[in-house]
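I have placed the structure first, in the form of structure tokens, so that the comments after it can refer back to it.
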Amino acid sequence: MNSSRNRKIKEIIDQLTLIWKEPILFIFILLIFYFLITFVVFPIFQVVKNSMYINGSWDFSNYIAIFSKRYFVQPLINSIVLGIYTATIGTIAGFFFAYALTRTPLPFKNFFRLTITFPIISPPFVVALAAILLFGRAGSLTPWLKSLIGNYSIYGLGGLVLVETIAYSPTAFLVLYGVLQAIDPSLEEASMDLGASWSKVFSTITLPLATPGIASAWLLVFIQSMADFGNPMVISGDFRVLSVQAYLQITGMYDLPRGSTLAMLLLIPTITAFFLQKYWVSRKSYVTVTGKPTGATVKNLDWYIKLPVYGVCLLYTGIVLLFYGTIVYGSFQTLWGVNPTLTLKNYVEMLEVGKDYLYDSVFLSSIATPITGILGMFIAYLIIRKKFIGRGLMEFISMLTFAVPGTVVGIGYILAFNQKSILFPFILTGTALIIIILLIFRDMPVGIRSGIAALQQIDPAIEEASTDLGADSNTTFRKITLPMIAPAFFSGLAYGFVKAMTAISAVIFVVSGKWNLITIAILGFVDNTQYARAAAMSIILIIIILIALGVIQFLVNRIGKGVRLTTIVE
Amino acid sequence: MKNDFLELKELVKIFGSGKDAVTAVDRVSLKVKEGELVTLLGPSGCGKTTILRMISGFELPTSGKIYIDQEDVTSTPPNKRPTAMVFQNYALFPHMTVAQNIVYGLKIHGEPHQAALEKAERVMKLVGLEKLGNRSPSHLSGGQQQRVSLARSLIMEPKVLLLDEPLSNLDAKLRISMRLEIRKLQQRVGITSIYVTHDQLEAMSLSDRVVILKEGRIQQIGTPQEVYAHPSNRFVADFIGKANFLEAVIEKVTSEQEVVINLLGQKLTIPGIKKDFKKDERVLLVLRPESIGLEKKKPDSITGTIQEIVYLGNQMTYLVKIANQLITIELSNPQECESFQKGEEVSIKLPQRGLHLLPREEQL
């Protein structure tokens, strides 16, 4: 016992002396910890504290007050119900697409993949806007739908499930696509070879192997749906959900403790779902998603299997195209539902009114994105490749941001940075910096995760070879690791930019008169029922994102060539 | 020439802690002469790679010391050590050309561009990579990648070259030719080398000395001839080549270097003994399959029955049962030898020299 403790102590001392010998690395680790604690842990802690630390002592009166009033309990129930519906339908839709794209000879696969994943690059509430244009009070399809199902309102649970399914089934699709692609088709062939029919192969091989992936997808969509702010803000009507209620408590009532308490109620289920996904479901997995597709053979399937699969894919794709088409069409109308004359005035007006918002969004995102990317890659590198005390903690904290709903983070930021503190002795609220920092730490987990995935595929011996030849950690990272994970880095960069440009739930708390964002402006127009203007601005936002993605792609190609063209040394 | 150019002193490495603790390396001490090639040989999990990684600095010993050229490097980080490693899977940088890979280390050490290039030319010529400098490593064959990896280490002129199963990813024929090439190169450059392998033929053909490891402990250190002819225990005898073990008893100790044993009733004089044996001590006689002969049954000899015959072209293998023990006998050049039938009773011809005794380990 004693000797094992001595050994532990000796290992710690050894690690410390190694750190002493690589002081720059040591300083970086300390700095990253400082950032993570200040900008991730501290704000969340502030929310917890505000919800149960009243007048200098801990008490639960906020929670008791909330649970004793139906008015406050209802949003919790509503959010969970919404999450369950969205996750279930979204996962089923995602599975249909993943199956069709990996296991059937579906034609135009790229088109279908593009369509189902398109909502990722658009601000989520654009789908809600489209739903209003189509099925709202003055919706173009409202009379037709009314003749089919009688009186209805798009504002409420039904409408929310519809738009959130479209907005978040891409997540389920991407998870399941990876899982289905990683299942070795020879397993299915073996099963068939032993006499199993298609339904037997599916129920005894494919489905059981995909089950942990399905659970993962379900939980991830559940988290996204619970945390969604933009769609409920636009389309929830009388169906009150936590994210919106917390926001209204703070901006409408200036009731920070109660807003914090509602945010806590939002945090608990999402965190639970996240840890279930990360530490329980993923352990049950039989397949490792490596990103390397196996040589999947597409089998000839009978028509009665293809028909429903293709049917669902076509129908769903049709709905997605209808929604985005409506946004495009609506952006050219003079006044939706009243005056359908086509016009460009929405765009002209938008560029006048909205150019400041546009400029702020692009400017702040362009600063935040590269920092997000580099920091994310460096943290991934430290977590995967370096041994140091607190490595597990670093991974935990940086993943935490992924699970915490934007509403909670936003409230945490105003609580944490509207006053000076030991951790950060400046007031940040109202500055551009708070928006940039928020964007960086909100989007970083994506960069870290793609970095981790890329690093796990690189043989550590390659980096060891560099160290062995005399390079220190920083040189190795710069000259060996970074070039090899460049593709992951750029895709992280692209995704980070998209996330920054479409962010809303957290940043809505920290924007100011001086620094505002385009997403929040669009939300404002929707609120004032200026749908055509909102549609025009959404289209402009989507176009900017597409241009940025094109530029990043161009850079990747250039750098890719650069690597090859470089002659000996330099 | 320094006698202890590389010295490992009581190295211990324990992975994990508490109940899960595994002692991967257990009190390993070793002195390596300058310019010597020493092989660490053992089955997988014997700790050989861990020792190599401690010398290179990728693992820190739990206790013990490592000296290179009289300098204590036990806790020097890997990038500051005068060692260079050839990795099992080569670990070539995929985004660099062959030449860029080779000069990488020199560049890190601030070597001027021109000087680095000249050195690279020389090393590439040395390992036979001329004209491949601008290729990408992925466009090379396994053998060529191996050479790049070797060149990348050699160009650093390290004090100690470390080779971690460098040939295990090559096919059998290439392995044999690369084996010879590495040995020639090592002798020409005169570089102190530690070579890790689980292939005993590789170890025998390359090394000045072989270190045989089992479960983290050194079993024997010696030249290939020593470990083959005088294995220190049953594990070594079995691991290096094939061996038959016959139970015997010491009949008489005639001198410090000679004993007489009783083997199945036959008295045999064994010269050249290195251990102390006592009268009546139970021992094992180690017999290499190729050192034993067979002849038609005759009186006053050790006899047995042929159980199995395997014909391999260049040799004939007989499995012979002698008093409840099965031994293997290999007769080379079978065309010239007398042949025997399955089930036939035969006499065993023991060699006059090269008989080796081991104390009988009770647990066996």
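If you're wondering about the labels, chains in the structure tokens are A, B, ... by order shown, residues count from 1 in each chain, ligands from 1 in order shown.
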
Check your understanding: Near region 117-132 of chain A, within 7 Å and counting only C-alpha atoms, which residues show up once chain neighbours fewer than 3 positions away are dropped, as an MDAnalysis selection string?
Key -> chainID A and resid 113:114 135:136 139 163 167 170 230:231 234:235 323:324 326:327 498 502 538 542

Practice item. Within 9 Å of chain A, which residues of chain B are there when counting only C-alpha atoms? Please give them as a PyMOL selection string. Key: chain B and resi 14+17-18+21+56-58+60+62-63+75-101+103-109+113+117+133-134+136+152-153+156

Check your understanding: Do you know which residues are at most 6 Å from region 344-346 of chain A counting only C-alpha atoms, after dropping those on the same chain fewer than 4 positions away, and could you put them as an NGL selection string?
Key -> :A and (332 or 350 or 533)

Practice item. Would you please work out which residue, of A:Val511, A:Ala138, A:Ile427, A:Leu455, is nearest to Ile379 (chain A) when using only C-alpha atoms? Key: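 Using only C-alpha atoms, Ile379 (chain A) sits closest to A:Leu455.
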
Review point. What is the distance, in Å and to one decimal place, between CA of Leu30 (chain B) and CA of Lys9 (chain B)?
Key: 6.7 Å

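Excluding Arg122 (chain B) itself and any same-chain residue fewer than 3 positions from it, the protein and nucleic acid residues within 12 Å of it, counting only C-alpha atoms, are Ala99, Ile102, Val103, Ala115, Ala116, Leu117, Glu118, Lys119, Lys125, Leu126, Val127, Gly128, Leu129, Glu130, Lys131, Gly133, Ala151, Arg152, Leu154 and Ile155 of chain B.
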
Check your understanding: If we count only C-alpha atoms, what is near region 37-50 of chain B at a cut-off of 9 Å, once residues fewer than 3 positions away on the same chain are taken out, given as a ChimeraX atom specification?
Key -> /B:13,23-26,32-34,53-55,58-59,164-165,183,186-187,191-200,203-204,206-217,239

Those residues you just picked out, can you put them in a file as a short mmCIF file (atom, residue, chain, number, x, y, z; two decimals), in the first residue's frame with C-alpha atoms?
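The result, stored in selection-v5.cif:
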data_model
loop_
_atom_site.label_atom_id
_atom_site.label_comp_id
_atom_site.auth_asym_id
_atom_site.auth_seq_id
_atom_site.Cartn_x
_atom_site.Cartn_y
_atom_site.Cartn_z
CA LYS B 13 8.77 0.02 -14.39
CA THR B 23 5.49 -4.86 -13.13
CA ALA B 24 6.60 -4.61 -16.73
CA VAL B 25 10.32 -4.34 -16.03
CA ASP B 26 11.85 -5.82 -12.91
CA VAL B 32 26.67 -1.97 -23.15
CA LYS B 33 30.07 -1.32 -24.70
CA GLU B 34 30.65 1.46 -27.18
CA ARG B 53 11.12 3.33 -24.39
CA MET B 54 12.76 4.11 -21.07
CA ILE B 55 16.14 4.46 -22.78
CA PHE B 58 9.15 7.99 -23.65
CA GLU B 59 8.57 6.16 -20.39
CA ASP B 164 12.09 -1.41 -32.02
CA GLU B 165 11.28 -4.59 -33.95
CA ARG B 183 24.28 -5.42 -39.19
CA GLN B 186 25.89 -0.78 -37.79
CA GLN B 187 29.40 -2.15 -37.90
CA ILE B 191 27.17 2.93 -33.55
CA THR B 192 26.09 1.57 -30.17
CA SER B 193 22.71 -0.06 -30.76
CA ILE B 194 19.92 -1.66 -28.81
CA TYR B 195 17.73 -3.90 -30.90
CA VAL B 196 14.39 -5.22 -29.74
CA THR B 197 12.94 -8.33 -31.29
CA HIS B 198 10.96 -11.46 -30.50
CA ASP B 199 12.56 -13.35 -33.36
CA GLN B 200 15.40 -15.47 -32.02
CA ALA B 203 18.72 -11.86 -32.54
CA MET B 204 21.27 -14.60 -33.14
CA LEU B 206 22.64 -9.66 -35.64
CA SER B 207 23.93 -9.33 -32.16
CA ASP B 208 27.19 -9.02 -30.33
CA ARG B 209 25.26 -9.98 -27.24
CA VAL B 210 21.72 -11.10 -26.56
CA VAL B 211 19.67 -10.25 -23.47
CA ILE B 212 16.88 -12.74 -22.92
CA LEU B 213 13.89 -11.44 -20.99
CA LYS B 214 10.88 -13.07 -19.45
CA GLU B 215 8.16 -11.30 -17.49
CA GLY B 216 10.30 -8.21 -17.08
CA ARG B 217 13.35 -10.03 -15.75
CA PHE B 239 13.31 -20.02 -26.37
#

Practice item. Would you please give, as a ChimeraX atom specification, all residues of region 107-238 of chain B that DSSP assigns to strand (DSSP E) based on the backbone? Key: /B:160-164,192-197,209-214,217-222

Output the selection as a compact mmCIF listing (two decimals), in the first residue's frame - C-alpha atoms for each residue.
# COMPACT_ATOMS: atom_id res chain seq x y z
CA VAL B 160 22.76 5.16 -28.99
CA LEU B 161 20.59 3.85 -31.83
CA LEU B 162 17.39 2.17 -30.72
CA LEU B 163 15.58 -0.26 -32.99
CA ASP B 164 12.09 -1.41 -32.02
CA THR B 192 26.09 1.57 -30.17
CA SER B 193 22.71 -0.06 -30.76
CA ILE B 194 19.92 -1.66 -28.81
CA TYR B 195 17.73 -3.90 -30.90
CA VAL B 196 14.39 -5.22 -29.74
CA THR B 197 12.94 -8.33 -31.29
CA ARG B 209 25.26 -9.98 -27.24
CA VAL B 210 21.72 -11.10 -26.56
CA VAL B 211 19.67 -10.25 -23.47
CA ILE B 212 16.88 -12.74 -22.92
CA LEU B 213 13.89 -11.44 -20.99
CA LYS B 214 10.88 -13.07 -19.45
CA ARG B 217 13.35 -10.03 -15.75
CA ILE B 218 16.65 -10.74 -17.41
CA GLN B 219 17.11 -14.50 -17.82
CA GLN B 220 20.53 -14.46 -19.42
CA ILE B 221 23.00 -12.13 -21.08
CA GLY B 222 25.59 -13.52 -23.44

Tell me which protein, DNA and RNA residues are within 6 Å of Tyr318 (chain B), counting only C-alpha atoms, leaving out same-chain ones fewer than 6 positions away, and put them as a PDB file with C-alpha atoms, in the first residue's frame.
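For reference, around-v7.pdb as written:
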ATOM      1  CA  GLU B 308       6.194 -39.944 -35.569  1.00  0.00           C
ATOM      2  CA  ILE B 309       8.229 -39.094 -38.670  1.00  0.00           C
ATOM      3  CA  THR B 328      12.690 -34.568 -31.047  1.00  0.00           C
ATOM      4  CA  ILE B 329      15.584 -35.598 -33.234  1.00  0.00           C
TER       5      ILE B 329
END

Practice item. Name the residues in contact with Gly158 (chain A) at a cut-off of 12 Å, using only C-alpha atoms, excluding same-chain residues fewer than 4 positions from it; report them as a ChimeraX atom specification. Key: /A:78,81-82,85-86,128,131,135,152-154,162-165,232,235-239

**Study point:** CA of Ala486 (chain A) to CA of Thr102 (chain A), straight-line distance in Å
**Key:**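 Separation of CA of Thr102 (chain A) and CA of Ala486 (chain A): 26.9 Å.
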
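Between Phe490 (chain A) and the candidates A:Val41, A:Ile12, A:Ile522, A:Ile374, the tightest atom-to-atom separation, counting only C-alpha atoms, involves A:Ile374.
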
From region 119-338 of chain A, collect each residue whose DSSP state is helix (DSSP H, G or I) and return the set as a PDB file with C-alpha atoms, in the first residue's frame.
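Printed below is part.pdb as written:
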ATOM      1  CA  PRO A 119     -30.362  22.821 -41.840  1.00  0.00           C
ATOM      2  CA  ILE A 120     -26.955  22.600 -40.075  1.00  0.00           C
ATOM      3  CA  ILE A 121     -25.682  25.636 -41.912  1.00  0.00           C
ATOM      4  CA  PHE A 125     -35.234  29.410 -36.419  1.00  0.00           C
ATOM      5  CA  VAL A 126     -35.330  29.878 -40.187  1.00  0.00           C
ATOM      6  CA  VAL A 127     -37.282  26.623 -40.282  1.00  0.00           C
ATOM      7  CA  ALA A 128     -39.797  28.063 -37.828  1.00  0.00           C
ATOM      8  CA  LEU A 129     -40.107  31.168 -39.982  1.00  0.00           C
ATOM      9  CA  ALA A 130     -40.840  28.980 -42.997  1.00  0.00           C
ATOM     10  CA  ALA A 131     -43.444  27.075 -41.003  1.00  0.00           C
ATOM     11  CA  ILE A 132     -45.223  30.360 -40.250  1.00  0.00           C
ATOM     12  CA  LEU A 133     -45.083  31.431 -43.882  1.00  0.00           C
ATOM     13  CA  LEU A 134     -46.556  28.096 -44.947  1.00  0.00           C
ATOM     14  CA  PHE A 135     -48.956  27.153 -42.169  1.00  0.00           C
ATOM     15  CA  THR A 142     -53.142  27.004 -44.408  1.00  0.00           C
ATOM     16  CA  PRO A 143     -56.477  26.792 -46.296  1.00  0.00           C
ATOM     17  CA  TRP A 144     -55.502  23.466 -47.829  1.00  0.00           C
ATOM     18  CA  LEU A 145     -54.373  22.008 -44.513  1.00  0.00           C
ATOM     19  CA  LYS A 146     -57.507  23.309 -42.785  1.00  0.00           C
ATOM     20  CA  SER A 147     -59.672  21.516 -45.316  1.00  0.00           C
ATOM     21  CA  LEU A 148     -57.748  18.339 -44.491  1.00  0.00           C
ATOM     22  CA  ILE A 149     -57.518  18.344 -40.709  1.00  0.00           C
ATOM     23  CA  LEU A 157     -46.257  21.647 -29.614  1.00  0.00           C
ATOM     24  CA  GLY A 158     -47.139  20.285 -33.067  1.00  0.00           C
ATOM     25  CA  GLY A 159     -45.471  23.106 -34.953  1.00  0.00           C
ATOM     26  CA  LEU A 160     -42.440  22.990 -32.672  1.00  0.00           C
ATOM     27  CA  VAL A 161     -41.938  19.253 -33.147  1.00  0.00           C
ATOM     28  CA  LEU A 162     -42.187  19.737 -36.921  1.00  0.00           C
ATOM     29  CA  VAL A 163     -39.594  22.510 -37.128  1.00  0.00           C
ATOM     30  CA  GLU A 164     -37.212  21.057 -34.544  1.00  0.00           C
ATOM     31  CA  THR A 165     -37.282  17.703 -36.294  1.00  0.00           C
ATOM     32  CA  ILE A 166     -36.169  19.384 -39.501  1.00  0.00           C
ATOM     33  CA  ALA A 167     -33.586  21.466 -37.637  1.00  0.00           C
ATOM     34  CA  TYR A 168     -32.015  18.671 -35.565  1.00  0.00           C
ATOM     35  CA  SER A 169     -32.485  15.399 -37.448  1.00  0.00           C
ATOM     36  CA  PRO A 170     -29.188  16.193 -39.259  1.00  0.00           C
ATOM     37  CA  THR A 171     -27.450  15.439 -35.947  1.00  0.00           C
ATOM     38  CA  ALA A 172     -29.123  12.047 -35.738  1.00  0.00           C
ATOM     39  CA  PHE A 173     -28.371  11.404 -39.384  1.00  0.00           C
ATOM     40  CA  LEU A 174     -24.645  12.161 -39.029  1.00  0.00           C
ATOM     41  CA  VAL A 175     -24.273   9.922 -35.957  1.00  0.00           C
ATOM     42  CA  LEU A 176     -26.182   7.041 -37.558  1.00  0.00           C
ATOM     43  CA  TYR A 177     -24.491   7.438 -40.922  1.00  0.00           C
ATOM     44  CA  GLY A 178     -21.126   7.034 -39.207  1.00  0.00           C
ATOM     45  CA  VAL A 179     -22.327   4.009 -37.261  1.00  0.00           C
ATOM     46  CA  LEU A 180     -23.948   2.235 -40.204  1.00  0.00           C
ATOM     47  CA  GLN A 181     -20.900   2.898 -42.329  1.00  0.00           C
ATOM     48  CA  ALA A 182     -18.657   1.419 -39.677  1.00  0.00           C
ATOM     49  CA  PRO A 185     -20.957  -5.425 -44.326  1.00  0.00           C
ATOM     50  CA  SER A 186     -19.374  -8.856 -44.257  1.00  0.00           C
ATOM     51  CA  LEU A 187     -21.276  -9.433 -40.988  1.00  0.00           C
ATOM     52  CA  GLU A 188     -24.521  -8.894 -42.832  1.00  0.00           C
ATOM     53  CA  GLU A 189     -23.294 -11.006 -45.714  1.00  0.00           C
ATOM     54  CA  ALA A 190     -22.361 -13.796 -43.301  1.00  0.00           C
ATOM     55  CA  SER A 191     -25.827 -13.670 -41.824  1.00  0.00           C
ATOM     56  CA  MET A 192     -27.381 -13.834 -45.289  1.00  0.00           C
ATOM     57  CA  ASP A 193     -25.028 -16.616 -46.245  1.00  0.00           C
ATOM     58  CA  TRP A 198     -33.517  -9.297 -45.270  1.00  0.00           C
ATOM     59  CA  SER A 199     -35.751  -8.784 -42.242  1.00  0.00           C
ATOM     60  CA  LYS A 200     -33.722 -11.334 -40.253  1.00  0.00           C
ATOM     61  CA  VAL A 201     -30.436  -9.702 -41.222  1.00  0.00           C
ATOM     62  CA  PHE A 202     -31.831  -6.323 -40.262  1.00  0.00           C
ATOM     63  CA  SER A 203     -33.341  -7.408 -36.957  1.00  0.00           C
ATOM     64  CA  THR A 204     -30.548  -9.721 -35.806  1.00  0.00           C
ATOM     65  CA  ILE A 205     -27.437  -7.966 -37.149  1.00  0.00           C
ATOM     66  CA  THR A 206     -27.862  -4.406 -38.388  1.00  0.00           C
ATOM     67  CA  LEU A 207     -30.262  -3.122 -35.754  1.00  0.00           C
ATOM     68  CA  PRO A 208     -28.541  -4.652 -32.692  1.00  0.00           C
ATOM     69  CA  LEU A 209     -25.169  -3.342 -33.845  1.00  0.00           C
ATOM     70  CA  ALA A 210     -26.642   0.095 -34.477  1.00  0.00           C
ATOM     71  CA  THR A 211     -28.578   0.263 -31.208  1.00  0.00           C
ATOM     72  CA  PRO A 212     -25.955   2.150 -29.181  1.00  0.00           C
ATOM     73  CA  GLY A 213     -25.675   4.589 -32.081  1.00  0.00           C
ATOM     74  CA  ILE A 214     -29.437   5.032 -32.139  1.00  0.00           C
ATOM     75  CA  ALA A 215     -29.425   5.745 -28.400  1.00  0.00           C
ATOM     76  CA  SER A 216     -26.609   8.262 -28.888  1.00  0.00           C
ATOM     77  CA  ALA A 217     -28.455   9.994 -31.692  1.00  0.00           C
ATOM     78  CA  TRP A 218     -31.652  10.124 -29.666  1.00  0.00           C
ATOM     79  CA  LEU A 219     -29.952  11.661 -26.643  1.00  0.00           C
ATOM     80  CA  LEU A 220     -28.060  14.238 -28.724  1.00  0.00           C
ATOM     81  CA  VAL A 221     -31.245  15.384 -30.480  1.00  0.00           C
ATOM     82  CA  PHE A 222     -33.017  15.456 -27.124  1.00  0.00           C
ATOM     83  CA  ILE A 223     -30.327  17.791 -25.768  1.00  0.00           C
ATOM     84  CA  GLN A 224     -30.521  20.054 -28.814  1.00  0.00           C
ATOM     85  CA  SER A 225     -34.300  20.215 -28.657  1.00  0.00           C
ATOM     86  CA  MET A 226     -34.353  21.016 -24.931  1.00  0.00           C
ATOM     87  CA  ALA A 227     -31.711  23.695 -25.427  1.00  0.00           C
ATOM     88  CA  GLY A 230     -34.766  30.324 -31.579  1.00  0.00           C
ATOM     89  CA  ASN A 231     -37.586  28.049 -32.745  1.00  0.00           C
ATOM     90  CA  PRO A 232     -39.684  28.193 -29.543  1.00  0.00           C
ATOM     91  CA  MET A 233     -39.177  31.964 -29.448  1.00  0.00           C
ATOM     92  CA  VAL A 234     -40.797  32.176 -32.867  1.00  0.00           C
ATOM     93  CA  ILE A 235     -43.389  29.444 -32.881  1.00  0.00           C
ATOM     94  CA  LEU A 242     -37.808  26.562 -20.267  1.00  0.00           C
ATOM     95  CA  SER A 243     -35.285  28.301 -22.525  1.00  0.00           C
ATOM     96  CA  VAL A 244     -37.758  31.006 -23.529  1.00  0.00           C
ATOM     97  CA  GLN A 245     -39.198  31.378 -20.011  1.00  0.00           C
ATOM     98  CA  ALA A 246     -35.744  31.813 -18.498  1.00  0.00           C
ATOM     99  CA  TYR A 247     -34.969  34.479 -21.090  1.00  0.00           C
ATOM    100  CA  LEU A 248     -38.249  36.303 -20.427  1.00  0.00           C
ATOM    101  CA  GLN A 249     -37.742  36.196 -16.663  1.00  0.00           C
ATOM    102  CA  ILE A 250     -34.407  37.935 -17.082  1.00  0.00           C
ATOM    103  CA  THR A 251     -35.024  40.404 -19.895  1.00  0.00           C
ATOM    104  CA  LEU A 256     -32.130  37.052 -12.231  1.00  0.00           C
ATOM    105  CA  PRO A 257     -32.543  34.482  -9.415  1.00  0.00           C
ATOM    106  CA  ARG A 258     -35.735  33.056 -10.894  1.00  0.00           C
ATOM    107  CA  GLY A 259     -34.266  33.069 -14.403  1.00  0.00           C
ATOM    108  CA  SER A 260     -31.230  31.259 -13.018  1.00  0.00           C
ATOM    109  CA  THR A 261     -33.430  28.690 -11.348  1.00  0.00           C
ATOM    110  CA  LEU A 262     -35.302  27.999 -14.593  1.00  0.00           C
ATOM    111  CA  ALA A 263     -31.946  27.723 -16.339  1.00  0.00           C
ATOM    112  CA  MET A 264     -30.894  25.151 -13.745  1.00  0.00           C
ATOM    113  CA  LEU A 265     -34.014  23.108 -14.469  1.00  0.00           C
ATOM    114  CA  LEU A 266     -32.958  23.181 -18.110  1.00  0.00           C
ATOM    115  CA  LEU A 267     -29.391  22.251 -17.271  1.00  0.00           C
ATOM    116  CA  ILE A 268     -30.136  19.140 -15.214  1.00  0.00           C
ATOM    117  CA  PRO A 269     -31.891  17.020 -17.892  1.00  0.00           C
ATOM    118  CA  THR A 270     -29.485  18.050 -20.649  1.00  0.00           C
ATOM    119  CA  ILE A 271     -26.399  17.296 -18.553  1.00  0.00           C
ATOM    120  CA  THR A 272     -27.893  13.959 -17.537  1.00  0.00           C
ATOM    121  CA  ALA A 273     -28.618  13.069 -21.156  1.00  0.00           C
ATOM    122  CA  PHE A 274     -25.112  14.130 -22.147  1.00  0.00           C
ATOM    123  CA  PHE A 275     -23.364  11.948 -19.588  1.00  0.00           C
ATOM    124  CA  LEU A 276     -25.657   9.045 -20.377  1.00  0.00           C
ATOM    125  CA  GLN A 277     -24.600   9.412 -23.989  1.00  0.00           C
ATOM    126  CA  LYS A 278     -20.903   9.896 -23.326  1.00  0.00           C
ATOM    127  CA  TYR A 279     -20.164   7.446 -20.552  1.00  0.00           C
ATOM    128  CA  TRP A 280     -22.850   4.807 -20.762  1.00  0.00           C
ATOM    129  CA  VAL A 281     -24.195   4.438 -24.277  1.00  0.00           C
ATOM    130  CA  SER A 282     -20.858   4.858 -26.011  1.00  0.00           C
ATOM    131  CA  ARG A 283     -19.371   2.106 -23.844  1.00  0.00           C
ATOM    132  CA  LYS A 284     -21.979  -0.327 -25.065  1.00  0.00           C
ATOM    133  CA  TRP A 303     -38.967  -3.421 -54.032  1.00  0.00           C
ATOM    134  CA  TYR A 304     -40.983  -3.731 -50.803  1.00  0.00           C
ATOM    135  CA  ILE A 305     -37.910  -2.634 -48.833  1.00  0.00           C
ATOM    136  CA  LYS A 306     -36.773   0.044 -51.241  1.00  0.00           C
ATOM    137  CA  LEU A 307     -40.235   1.542 -51.676  1.00  0.00           C
ATOM    138  CA  PRO A 308     -40.843   2.623 -48.060  1.00  0.00           C
ATOM    139  CA  VAL A 309     -37.216   3.696 -47.537  1.00  0.00           C
ATOM    140  CA  TYR A 310     -37.119   5.742 -50.728  1.00  0.00           C
ATOM    141  CA  GLY A 311     -40.618   7.027 -50.018  1.00  0.00           C
ATOM    142  CA  VAL A 312     -39.665   8.405 -46.607  1.00  0.00           C
ATOM    143  CA  CYS A 313     -36.486   9.972 -48.010  1.00  0.00           C
ATOM    144  CA  LEU A 314     -38.353  11.615 -50.885  1.00  0.00           C
ATOM    145  CA  LEU A 315     -41.157  12.910 -48.684  1.00  0.00           C
ATOM    146  CA  TYR A 316     -38.757  14.284 -46.095  1.00  0.00           C
ATOM    147  CA  THR A 317     -36.499  15.873 -48.702  1.00  0.00           C
ATOM    148  CA  GLY A 318     -39.595  17.406 -50.276  1.00  0.00           C
ATOM    149  CA  ILE A 319     -40.566  18.987 -46.948  1.00  0.00           C
ATOM    150  CA  VAL A 320     -37.069  20.407 -46.379  1.00  0.00           C
ATOM    151  CA  LEU A 321     -36.972  21.838 -49.904  1.00  0.00           C
ATOM    152  CA  LEU A 322     -40.486  23.262 -49.487  1.00  0.00           C
ATOM    153  CA  PHE A 323     -39.461  25.033 -46.264  1.00  0.00           C
ATOM    154  CA  TYR A 324     -36.293  26.594 -47.629  1.00  0.00           C
ATOM    155  CA  GLY A 325     -37.970  27.331 -50.953  1.00  0.00           C
ATOM    156  CA  THR A 326     -40.641  29.219 -49.078  1.00  0.00           C
ATOM    157  CA  ILE A 327     -37.987  31.380 -47.394  1.00  0.00           C
ATOM    158  CA  VAL A 328     -36.483  32.239 -50.778  1.00  0.00           C
ATOM    159  CA  TYR A 329     -39.902  32.905 -52.312  1.00  0.00           C
ATOM    160  CA  GLY A 330     -41.058  34.875 -49.285  1.00  0.00           C
ATOM    161  CA  SER A 331     -38.004  37.102 -49.352  1.00  0.00           C
TER     162      SER A 331
END
